[in-house]
Structures are given as structure tokens and as C-alpha cells.
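Visitor: Contents of run_28.cif (mmCIF, C-alpha atoms; chains and numbers go by the auth columns) are below:
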data_run
#
loop_
_atom_site.group_PDB
_atom_site.id
_atom_site.type_symbol
_atom_site.label_atom_id
_atom_site.label_comp_id
_atom_site.label_asym_id
_atom_site.label_seq_id
_atom_site.Cartn_x
_atom_site.Cartn_y
_atom_site.Cartn_z
_atom_site.B_iso_or_equiv
_atom_site.auth_seq_id
_atom_site.auth_asym_id
ATOM 1 C CA ILE A 1 -39.076 -197.137 38.134 0.00 22 T
ATOM 2 C CA ILE A 2 -37.162 -197.511 34.909 0.00 23 T
ATOM 3 C CA VAL A 3 -37.342 -194.991 32.084 0.00 24 T
ATOM 4 C CA MET A 4 -35.997 -196.034 28.680 0.00 25 T
ATOM 5 C CA PHE A 5 -35.162 -193.755 25.754 0.00 26 T
ATOM 6 C CA LEU A 6 -34.664 -195.394 22.425 0.00 27 T
ATOM 7 C CA SER A 7 -35.049 -195.452 18.719 0.00 28 T
ATOM 8 C CA GLU A 8 -36.879 -198.174 16.812 0.00 29 T
ATOM 9 C CA THR A 9 -33.858 -200.408 16.297 0.00 30 T
ATOM 10 C CA GLY A 10 -31.395 -199.463 19.061 0.00 31 T
ATOM 11 C CA PRO A 11 -29.147 -198.712 20.708 0.00 32 T
ATOM 12 C CA THR A 12 -31.386 -198.349 23.736 0.00 33 T
ATOM 13 C CA MET A 13 -30.625 -196.054 26.675 0.00 34 T
ATOM 14 C CA VAL A 14 -31.834 -198.014 29.705 0.00 35 T
ATOM 15 C CA GLY A 15 -30.618 -196.042 32.709 0.00 36 T
ATOM 16 C CA ASP A 16 -28.554 -193.284 34.246 0.00 37 T
ATOM 17 C CA GLU A 17 -25.560 -193.392 36.568 0.00 38 T
ATOM 18 C CA TYR A 18 -27.851 -194.000 39.569 0.00 39 T
ATOM 19 C CA SER A 19 -29.601 -197.048 38.087 0.00 40 T
ATOM 20 C CA ASP A 20 -29.549 -200.383 39.915 0.00 41 T
ATOM 21 C CA PRO A 21 -26.333 -202.118 38.794 0.00 42 T
ATOM 22 C CA SER A 22 -27.911 -205.596 39.088 0.00 43 T
ATOM 23 C CA ILE A 23 -30.701 -204.643 36.643 0.00 44 T
ATOM 24 C CA MET A 24 -28.202 -203.052 34.264 0.00 45 T
ATOM 25 C CA ASN A 25 -26.064 -206.208 34.446 0.00 46 T
ATOM 26 C CA TYR A 26 -29.110 -208.409 33.698 0.00 47 T
ATOM 27 C CA LEU A 27 -29.867 -206.264 30.641 0.00 48 T
ATOM 28 C CA GLY A 28 -26.239 -206.488 29.500 0.00 49 T
ATOM 29 C CA ALA A 29 -25.957 -202.692 29.590 0.00 50 T
ATOM 30 C CA ARG A 30 -22.681 -200.801 29.391 0.00 51 T
ATOM 31 C CA LYS A 31 -22.092 -197.538 31.243 0.00 52 T
ATOM 32 C CA THR A 32 -20.854 -194.709 29.043 0.00 53 T
ATOM 33 C CA THR A 33 -20.116 -191.014 29.403 0.00 54 T
ATOM 34 C CA MET A 34 -20.372 -188.937 26.246 0.00 55 T
ATOM 35 C CA LEU A 35 -17.683 -186.338 25.662 0.00 56 T
ATOM 36 C CA GLY A 36 -18.788 -183.038 27.194 0.00 57 T
ATOM 37 C CA ASN A 37 -21.409 -184.582 29.510 0.00 58 T
ATOM 38 C CA ASN A 38 -20.919 -184.617 33.283 0.00 59 T
ATOM 39 C CA PHE A 39 -23.162 -187.682 33.720 0.00 60 T
ATOM 40 C CA SER A 40 -23.191 -191.336 32.638 0.00 61 T
ATOM 41 C CA GLU A 41 -25.841 -193.445 30.919 0.00 62 T
ATOM 42 C CA TYR A 42 -26.370 -197.174 30.451 0.00 63 T
ATOM 43 C CA HIS A 43 -26.924 -198.441 26.892 0.00 64 T
ATOM 44 C CA VAL A 44 -27.643 -201.793 25.229 0.00 65 T
ATOM 45 C CA ASP A 45 -27.422 -202.609 21.524 0.00 66 T
ATOM 46 C CA GLU A 46 -30.699 -204.566 21.514 0.00 67 T
ATOM 47 C CA PRO A 47 -33.919 -203.157 20.076 0.00 68 T
ATOM 48 C CA PRO A 48 -36.692 -202.013 22.434 0.00 69 T
ATOM 49 C CA ARG A 49 -38.803 -205.182 22.098 0.00 70 T
ATOM 50 C CA LEU A 50 -36.034 -207.388 23.482 0.00 71 T
ATOM 51 C CA VAL A 51 -35.293 -204.991 26.365 0.00 72 T
ATOM 52 C CA LEU A 52 -39.000 -204.777 27.246 0.00 73 T
ATOM 53 C CA ASP A 53 -39.256 -208.591 27.165 0.00 74 T
ATOM 54 C CA LYS A 54 -36.353 -208.904 29.622 0.00 75 T
ATOM 55 C CA LEU A 55 -37.850 -206.313 31.964 0.00 76 T
ATOM 56 C CA ASP A 56 -41.241 -208.068 31.768 0.00 77 T
ATOM 57 C CA LYS A 57 -39.568 -211.297 32.941 0.00 78 T
ATOM 58 C CA MET A 58 -38.213 -209.337 35.934 0.00 79 T
ATOM 59 C CA GLY A 59 -41.739 -208.202 36.865 0.00 80 T
ATOM 60 C CA PHE A 60 -41.663 -204.680 35.419 0.00 81 T
ATOM 61 C CA ARG A 61 -44.821 -203.372 33.763 0.00 82 T
ATOM 62 C CA VAL A 62 -45.215 -200.482 31.318 0.00 83 T
ATOM 63 C CA VAL A 63 -46.886 -197.505 33.009 0.00 84 T
ATOM 64 C CA SER A 64 -46.721 -195.070 30.093 0.00 85 T
ATOM 65 C CA MET A 65 -45.199 -194.603 26.666 0.00 86 T
ATOM 66 C CA THR A 66 -44.769 -191.557 24.439 0.00 87 T
ATOM 67 C CA GLY A 67 -42.877 -190.346 21.418 0.00 88 T
ATOM 68 C CA VAL A 68 -40.531 -187.371 21.461 0.00 89 T
ATOM 69 C CA GLY A 69 -39.460 -186.558 17.918 0.00 90 T
ATOM 70 C CA GLN A 70 -37.968 -189.791 16.586 0.00 91 T
ATOM 71 C CA THR A 71 -37.343 -191.140 20.086 0.00 92 T
ATOM 72 C CA LEU A 72 -39.666 -193.461 22.005 0.00 93 T
ATOM 73 C CA VAL A 73 -39.855 -193.271 25.804 0.00 94 T
ATOM 74 C CA TRP A 74 -41.214 -196.005 28.089 0.00 95 T
ATOM 75 C CA CYS A 75 -41.759 -195.690 31.838 0.00 96 T
ATOM 76 C CA LEU A 76 -41.904 -198.993 33.708 0.00 97 T
ATOM 77 C CA HIS A 77 -42.674 -199.882 37.317 0.00 98 T
ATOM 78 C CA LYS A 78 -42.196 -202.960 39.469 0.00 99 T
ATOM 79 C CA GLU A 79 -44.259 -203.577 42.586 0.00 100 T
ATOM 80 C CA THR A 80 -42.230 -204.337 45.688 0.00 101 T
ATOM 81 C CA SER A 81 -43.258 -206.251 48.769 0.00 102 T
ATOM 82 C CA ASP A 82 -42.139 -203.350 50.988 0.00 103 T
ATOM 83 C CA ALA A 83 -45.102 -201.615 52.593 0.00 104 T
ATOM 84 C CA LEU A 84 -44.814 -197.947 53.467 0.00 105 T
#
Would you put the structure from the file into C-alpha cells?
Guide:
Amino acid sequence: IIVMFLSETGPTMVGDEYSDPSIMNYLGARKTTMLGNNFSEYHVDEPPRLVLDKLDKMGFRVVSMTGVGQTLVWCLHKETSDAL
């Protein structure tokens, strides 16, 4: 599952410090830690539409979307072939 937090034009927060590095690399994300935070986040400069297009090509699908103030949040999921 990927959860993205973003504004209309970017930058886009695409993951936290535990996100899959191969997905973050594919998105061209950079890992940053803001002063005063004890956690890291991955960000890209691209707008949401371009990030969603890339994730769609990887097989991710939007599960839900909402707005929080001036921030948009998408939750995406990718089916795996692993059976439980």
C-alpha cells in the first residue's frame, strides 16, 4: 500500500522511511528529514498526476482519496501473486 500526501502542484510526499526503496527509486524520490523531526520522508517535485501515472504503470490502483485542508491524500494498492 502506498499513501501519498500532496498539494495540487507538488512537491509530492510519496513515502516514509520504511517505503520500498525500489519504488522510491522508480519515482525519482529523494529521502529527506526535516529539522526537528525524528523520521524521514520521500518527496518528488512532480505534480500528483505524473506520480499517479507512474504508479499506475507499476500496477497500483487508487483505493481511496480525500482532502485534508489544502492537502490531497491518495491511498493506492497493488495486488500481489502471494496467497495467504
Visitor: Pick from T:Ala50, T:Val89, T:Met45, T:Leu97: nearest to Leu73 in chain T, with all atoms listed in the file counted?
Guide: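 Under the stated criterion, the closest residue is T:Leu97.
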Visitor: Nearest to Ile44 in chain T: which of T:Lys99, T:Pro32, T:Met86, T:Glu67 is it, counting all atoms listed in the file?
Guide: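 Using all atoms listed in the file, the shortest distance to Ile44 in chain T belongs to T:Lys99.
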Visitor: From the list T:Leu71, T:Gly88, T:Tyr63, T:Trp95, which residue is nearest Pro42 in chain T when using only C-alpha atoms?
Guide: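 That would be T:Tyr63, the residue with the smallest distance to Pro42 in chain T.
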Visitor: Select, from T:Thr87, T:Thr101, T:Asp37, T:Gly80, the residue with the minimum atom-to-atom distance to Phe60 in chain T, counting all atoms listed in the file.
Guide: T:Asp37
Visitor: For this structure, which residues satisfy the selection - the PyMOL selection byres ((chain T and resi 84) around 7) - when it is evaluated on the file as given? I want them as a VMD selection string.
Guide: chain T and resid 82 to 83 85 96 to 98
Visitor: So, counting only C-alpha atoms, which residue among T:Glu100, T:Pro69, T:Val35, T:Ser40 is closest to Phe81 in chain T?
Guide: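 Comparing T:Glu100, T:Pro69, T:Val35, T:Ser40 against Phe81 in chain T, the winner is T:Glu100.
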